[in-house]
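The structure appears below as structure tokens.
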Amino acid sequence: MFRIIKKSLKTGVVTGRHPDGNAPHEPVSQQAIEKAKPFRRSLTIREVDTGSCNACEMEMNALANPVYDVERFGVHIAASPRHADALVVTGPVTVNMERALKDVYKATADPKIVIALGDCAIHCGLFKGSYAVTGPVERHIPVDVRIPGCPPRPAEILAVLAELRQERSPSDK
Ligand code: SF4
């Protein structure tokens with residue numbers, strides 16, 4: 001135990017931001033903001049992993065912890081696409097998940113928002129060119145919002161959700 005702690009202290013921090021990690025976020029389009037109008041006070045998300053490394057999911061899951069507490073902004077996570085207003089898709093679309101993604105998209109009631117979360121969902125990221133990958137999310141279903149990063153941090157995801165829903169302070173409501 002002490003040996004491991006000593007080794008970790010000696011090694012220090014070995015992770016860091018990706019060189020493109022400081023790229024400015026693409027602003028949320030006016031079209032997506034209009035589409036999200038019915039969800040300004042309540043937005044239910046269904047998360048779909050089409051082949052990610054799971055780091056994007058971990059950041060997404062962190063939104064529900066007591067630090068970020070996304071529920072206080074009226075954002076809920078659903079277990080079924082039938083209860084969802086938005087799909088958050090992570091990872092490149094693998095051969096095995098292509099059909100499932102299309103089925104989930106069909107099962108989600110209109111109007112719906114599709115959010116591509118992470119570089120893999122946007123342009124296949126690290127998995128580009130893999131024999132198991134059929135392409136980015138927008139090759140299969142229409143994408144309204146893109147959140148780049150590998151993975152994007154929970155605070156960045158929250159900022160985009162706030163921008164999408166044009167959140168105002170309680171005094172403006
Ligand atoms: S964008 Fe990065 S963190 Fe997210 S699934 Fe791809 S490799 Fe993993």
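Please note that chains go A, B, ... in the order of the structure tokens, that every chain numbers its residues from 1, and that ligands are numbered from 1 in the order shown.
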Nearby residues, ligand 1, 12 Å, only C-alpha atoms and all ligand atoms, as a PyMOL selection string:
chain A and resi 17-18+20-21+48-60+89-94+116-128+136+146-153
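The strand (DSSP E) portion of chain A consists of Leu43, Thr44, Ile45, Arg46, Glu47, Val48, Asp49, Val75, His76, Ile77, Ala86, Leu87, Val88, Val89, Thr90, Val93, Thr94, Ile113, Val114, Ile115, Ala116, Leu117, Val133, Thr134, Gly135, Val145, Arg146 and Ile147 of chain A, with states taken from DSSP on the backbone.
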Please list as a ChimeraX atom specification every residue within 12 Å of Lys102 (chain A), counting only C-alpha atoms and excluding residues in the same chain fewer than 4 positions away.
/A:48,50,81,87,89,93,96-98,106-108,114,137-142
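You can rank A:Arg46, A:Asn61, A:Asp103, A:Tyr131 by their closest distance to Ala79 (chain A) using only C-alpha atoms, and at the top of that list sits A:Arg46.
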Between A:Ile77, A:Ala132, A:Ile4, A:Val145, which residue has the minimum interatomic distance to Arg165 (chain A), considering only C-alpha atoms?
A:Val145
Just want the 9 Å neighbourhood of Leu158 (chain A), counted on only C-alpha atoms, with same-chain residues fewer than 5 positions away dropped. Output as an mmCIF file with N, CA and C atoms, in the first residue's frame.
```cif
data_model
loop_
_atom_site.group_PDB
_atom_site.id
_atom_site.type_symbol
_atom_site.label_atom_id
_atom_site.label_comp_id
_atom_site.auth_asym_id
_atom_site.auth_seq_id
_atom_site.Cartn_x
_atom_site.Cartn_y
_atom_site.Cartn_z
ATOM 1 N N LEU A 63 -22.196 14.143 -14.381
ATOM 2 C CA LEU A 63 -23.169 15.234 -14.309
ATOM 3 C C LEU A 63 -24.221 14.987 -13.227
ATOM 4 N N TYR A 68 -21.868 18.236 -9.679
ATOM 5 C CA TYR A 68 -22.481 18.931 -10.833
ATOM 6 C C TYR A 68 -24.006 18.960 -10.734
ATOM 7 N N VAL A 70 -26.885 17.816 -12.096
ATOM 8 C CA VAL A 70 -27.564 18.352 -13.275
ATOM 9 C C VAL A 70 -29.088 18.443 -13.095
ATOM 10 N N ARG A 153 -15.245 17.841 -20.581
ATOM 11 C CA ARG A 153 -15.417 17.827 -19.124
ATOM 12 C C ARG A 153 -16.878 18.104 -18.758
ATOM 13 N N GLU A 163 -26.457 26.692 -22.899
ATOM 14 C CA GLU A 163 -26.527 27.515 -24.122
ATOM 15 C C GLU A 163 -27.692 27.047 -25.007
#
```
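Our summary of the geometry notes that CA of Val104 (chain A) is positioned 22.7 Å from CA of Val160 (chain A).
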Interatomic distance (Å, one decimal) between CA of Pro111 (chain A) and CA of Phe73 (chain A)
20.2 Å
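Here CA of Val95 (chain A) and CA of Glu156 (chain A) stand 29.1 Å from one another.
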Report as a list in words all protein, DNA and RNA residues lying within 6 Å of Ala86 (chain A), evaluated on only C-alpha atoms, omitting residues in the same chain fewer than 4 positions from it.
Ile45, Lys112, Ile113 and Val114 of chain A
